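S.K.: So that you have it, the file is run_9.cif, and it contains mmCIF, C-alpha atoms:
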data_input
#
loop_
_atom_site.group_PDB
_atom_site.id
_atom_site.type_symbol
_atom_site.label_atom_id
_atom_site.label_comp_id
_atom_site.auth_asym_id
_atom_site.auth_seq_id
_atom_site.Cartn_x
_atom_site.Cartn_y
_atom_site.Cartn_z
ATOM 1 C CA MET A 1 22.938 -65.048 -55.679
ATOM 2 C CA ARG A 2 24.206 -64.920 -59.257
ATOM 3 C CA LEU A 3 21.334 -67.167 -60.359
ATOM 4 C CA ILE A 4 18.803 -64.729 -58.911
ATOM 5 C CA ALA A 5 20.458 -61.782 -60.631
ATOM 6 C CA ALA A 6 20.736 -63.659 -63.922
ATOM 7 C CA THR A 7 17.089 -64.732 -63.795
ATOM 8 C CA LEU A 8 15.950 -61.220 -62.943
ATOM 9 C CA LEU A 9 17.947 -59.744 -65.794
ATOM 10 C CA ALA A 10 16.801 -62.399 -68.264
ATOM 11 C CA CYS A 11 13.161 -61.682 -67.515
ATOM 12 C CA ALA A 12 13.562 -57.935 -67.556
ATOM 13 C CA THR A 13 15.607 -57.689 -70.723
ATOM 14 C CA ALA A 14 13.788 -60.330 -72.802
ATOM 15 C CA PRO A 15 11.706 -57.725 -74.673
ATOM 16 C CA LEU A 16 14.885 -55.818 -75.504
ATOM 17 C CA VAL A 17 16.602 -58.862 -76.957
ATOM 18 C CA ALA A 18 13.623 -59.375 -79.245
ATOM 19 C CA ALA A 19 14.045 -55.857 -80.621
ATOM 20 C CA PRO A 20 17.689 -55.277 -81.654
ATOM 21 C CA ALA A 21 16.866 -51.782 -82.868
ATOM 22 C CA ALA A 22 16.240 -50.845 -79.252
ATOM 23 C CA ALA A 23 19.932 -50.854 -78.298
ATOM 24 C CA SER A 24 19.737 -47.391 -76.792
ATOM 25 C CA GLY A 25 16.586 -48.489 -74.975
ATOM 26 C CA LYS A 26 18.492 -51.454 -73.564
ATOM 27 C CA ALA A 27 21.289 -49.203 -72.346
ATOM 28 C CA GLU A 28 18.755 -46.975 -70.619
ATOM 29 C CA THR A 29 16.952 -49.951 -69.087
ATOM 30 C CA CYS A 30 20.233 -51.388 -67.824
ATOM 31 C CA ALA A 31 21.192 -48.026 -66.327
ATOM 32 C CA ASN A 32 17.799 -47.939 -64.598
ATOM 33 C CA PHE A 33 18.434 -51.410 -63.143
ATOM 34 C CA GLY A 34 21.754 -50.246 -61.784
ATOM 35 C CA GLU A 35 20.148 -47.153 -60.310
ATOM 36 C CA MET A 36 17.349 -49.220 -58.751
ATOM 37 C CA ALA A 37 19.873 -51.608 -57.217
ATOM 38 C CA ASN A 38 21.820 -48.697 -55.743
ATOM 39 C CA ARG A 39 18.615 -47.205 -54.356
ATOM 40 C CA ALA A 40 17.801 -50.556 -52.767
ATOM 41 C CA VAL A 41 21.278 -50.679 -51.220
ATOM 42 C CA ALA A 42 20.759 -47.189 -49.799
ATOM 43 C CA LEU A 43 17.358 -48.151 -48.414
ATOM 44 C CA ARG A 44 18.862 -51.197 -46.746
ATOM 45 C CA THR A 45 21.959 -49.526 -45.334
ATOM 46 C CA GLU A 46 20.731 -46.019 -44.541
ATOM 47 C CA SER A 47 17.022 -46.179 -43.816
ATOM 48 C CA GLY A 48 16.713 -49.382 -41.844
ATOM 49 C CA LEU A 49 13.569 -50.322 -43.758
ATOM 50 C CA GLU A 50 12.439 -53.912 -44.000
ATOM 51 C CA MET A 51 12.685 -55.464 -47.456
ATOM 52 C CA GLU A 52 8.947 -55.277 -48.162
ATOM 53 C CA ALA A 53 8.757 -51.585 -47.258
ATOM 54 C CA ALA A 54 11.838 -50.857 -49.363
ATOM 55 C CA ALA A 55 10.340 -52.740 -52.323
ATOM 56 C CA ALA A 56 7.165 -50.672 -52.055
ATOM 57 C CA ARG A 57 9.191 -47.457 -51.918
ATOM 58 C CA LEU A 58 11.236 -48.518 -54.964
ATOM 59 C CA ALA A 59 8.105 -49.444 -56.909
ATOM 60 C CA ALA A 60 6.535 -46.086 -56.112
ATOM 61 C CA ALA A 61 9.674 -44.288 -57.304
ATOM 62 C CA TYR A 62 9.411 -45.956 -60.721
ATOM 63 C CA GLU A 63 5.617 -45.993 -61.213
ATOM 64 C CA ASP A 64 5.546 -42.792 -63.258
ATOM 65 C CA GLN A 65 8.621 -43.778 -65.238
ATOM 66 C CA SER A 66 7.866 -47.399 -66.142
ATOM 67 C CA ALA A 67 5.288 -49.911 -64.967
ATOM 68 C CA ASP A 68 7.696 -52.712 -65.901
ATOM 69 C CA MET A 69 10.462 -51.283 -63.727
ATOM 70 C CA ALA A 70 8.044 -50.712 -60.858
ATOM 71 C CA ALA A 71 6.900 -54.328 -61.127
ATOM 72 C CA LEU A 72 10.498 -55.555 -60.805
ATOM 73 C CA ALA A 73 11.179 -53.572 -57.630
ATOM 74 C CA PRO A 74 10.316 -56.473 -55.286
ATOM 75 C CA GLN A 75 12.781 -58.768 -57.073
ATOM 76 C CA VAL A 76 15.551 -56.164 -57.021
ATOM 77 C CA ALA A 77 14.919 -55.532 -53.323
ATOM 78 C CA ALA A 78 14.926 -59.270 -52.575
ATOM 79 C CA TRP A 79 18.219 -59.656 -54.420
ATOM 80 C CA VAL A 80 19.827 -56.752 -52.527
ATOM 81 C CA TRP A 81 18.544 -58.088 -49.198
ATOM 82 C CA SER A 82 20.084 -61.490 -50.056
ATOM 83 C CA LEU A 83 23.572 -59.968 -50.361
ATOM 84 C CA PRO A 84 25.972 -60.045 -47.435
ATOM 85 C CA GLU A 85 26.462 -56.636 -45.839
ATOM 86 C CA ASP A 86 30.116 -56.476 -46.857
ATOM 87 C CA GLN A 87 29.061 -56.574 -50.528
ATOM 88 C CA LEU A 88 26.758 -53.572 -50.304
ATOM 89 C CA GLY A 89 27.936 -50.412 -52.022
ATOM 90 C CA ALA A 90 28.023 -48.650 -55.379
ATOM 91 C CA GLY A 91 29.450 -51.792 -56.957
ATOM 92 C CA VAL A 92 26.058 -53.495 -56.659
ATOM 93 C CA GLY A 93 24.435 -51.153 -59.167
ATOM 94 C CA GLN A 94 27.459 -51.263 -61.442
ATOM 95 C CA ALA A 95 27.404 -55.074 -61.444
ATOM 96 C CA MET A 96 23.670 -55.154 -62.177
ATOM 97 C CA GLU A 97 24.071 -52.718 -65.059
ATOM 98 C CA ALA A 98 27.044 -54.586 -66.519
ATOM 99 C CA GLN A 99 25.258 -57.949 -66.366
ATOM 100 C CA CYS A 100 22.220 -56.429 -68.019
ATOM 101 C CA LYS A 101 24.284 -54.919 -70.851
ATOM 102 C CA ALA A 102 26.071 -58.238 -71.378
ATOM 103 C CA ARG A 103 22.805 -60.051 -72.133
#
Written as structure tokens, how would this file's structure read?
M.R.:
Amino acid sequence: MRLIAATLLACATAPLVAAPAAASGKAETCANFGEMANRAVALRTESGLEMEAAAARLAAAYEDQSADMAALAPQVAAWVWSLPEDQLGAGVGQAMEAQCKAR
């Protein structure tokens, strides 16, 4: 589970690491990852959607904001669906954001 999250974050934040001047951009991107993870948790726990449908809904929510974020929606959804139910909650988004900022 940690390997999936680490790989996802490494791929998503690679352009930010290459541009140190984009520190505020990295913070915003990391906050967006946390938000996306929390949305995925809500879709899993509250809507009863299957992972694929949730990934499509997440991607659609981010299309206007960022094509890169929309493209990562399936991976974020897959990661959230891989978590045990007892780990689902607001802490998922916080953990994703913190890992992203630490990279």
S.K.: Could you name the residues that touch region 34-43 of chain A at 6 Å or less, counting only C-alpha atoms, but leaving out those on the same chain fewer than 5 positions away, as a list in words?
M.R.: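 Result of the neighbour search: Ala77, Gly93, Gln94, Met96 and Glu97 of chain A.
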S.K.: In Å to one decimal, how far is CA of Lys26 (chain A) from CA of Ala54 (chain A)?
M.R.: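 These two atoms are separated by 25.1 Å.
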S.K.: Which residues, written as a list in words, have at least one atom at most 9 Å from region 49-53 of chain A, with all atoms listed in the file counted and residues fewer than 3 positions away on the same chain left out?
M.R.: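 Neighbouring residues, sequence-local ones excluded: Ala40, Leu43, Arg44, Thr45, Glu46, Ala56, Arg57, Leu58, Pro74, Ala77, Ala78, Val80 and Trp81 of chain A.
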S.K.: Under the PyMOL selection byres ((chain A and resi 30) around 9), which residues of this model are included? Write them out as a ChimeraX atom specification.
M.R.: /A:9,13,25-29,31-35,96-101
S.K.: By how many Å are CA of Leu83 (chain A) and CA of Ala60 (chain A) apart?
M.R.: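 Computed distance, CA of Leu83 (chain A) to CA of Ala60 (chain A), equals 22.7 Å.
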S.K.: Mind pulling up the distance from CA of Ala55 (chain A) to CA of Ala102 (chain A)?
M.R.: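 CA of Ala55 (chain A) lies 25.3 Å from CA of Ala102 (chain A).
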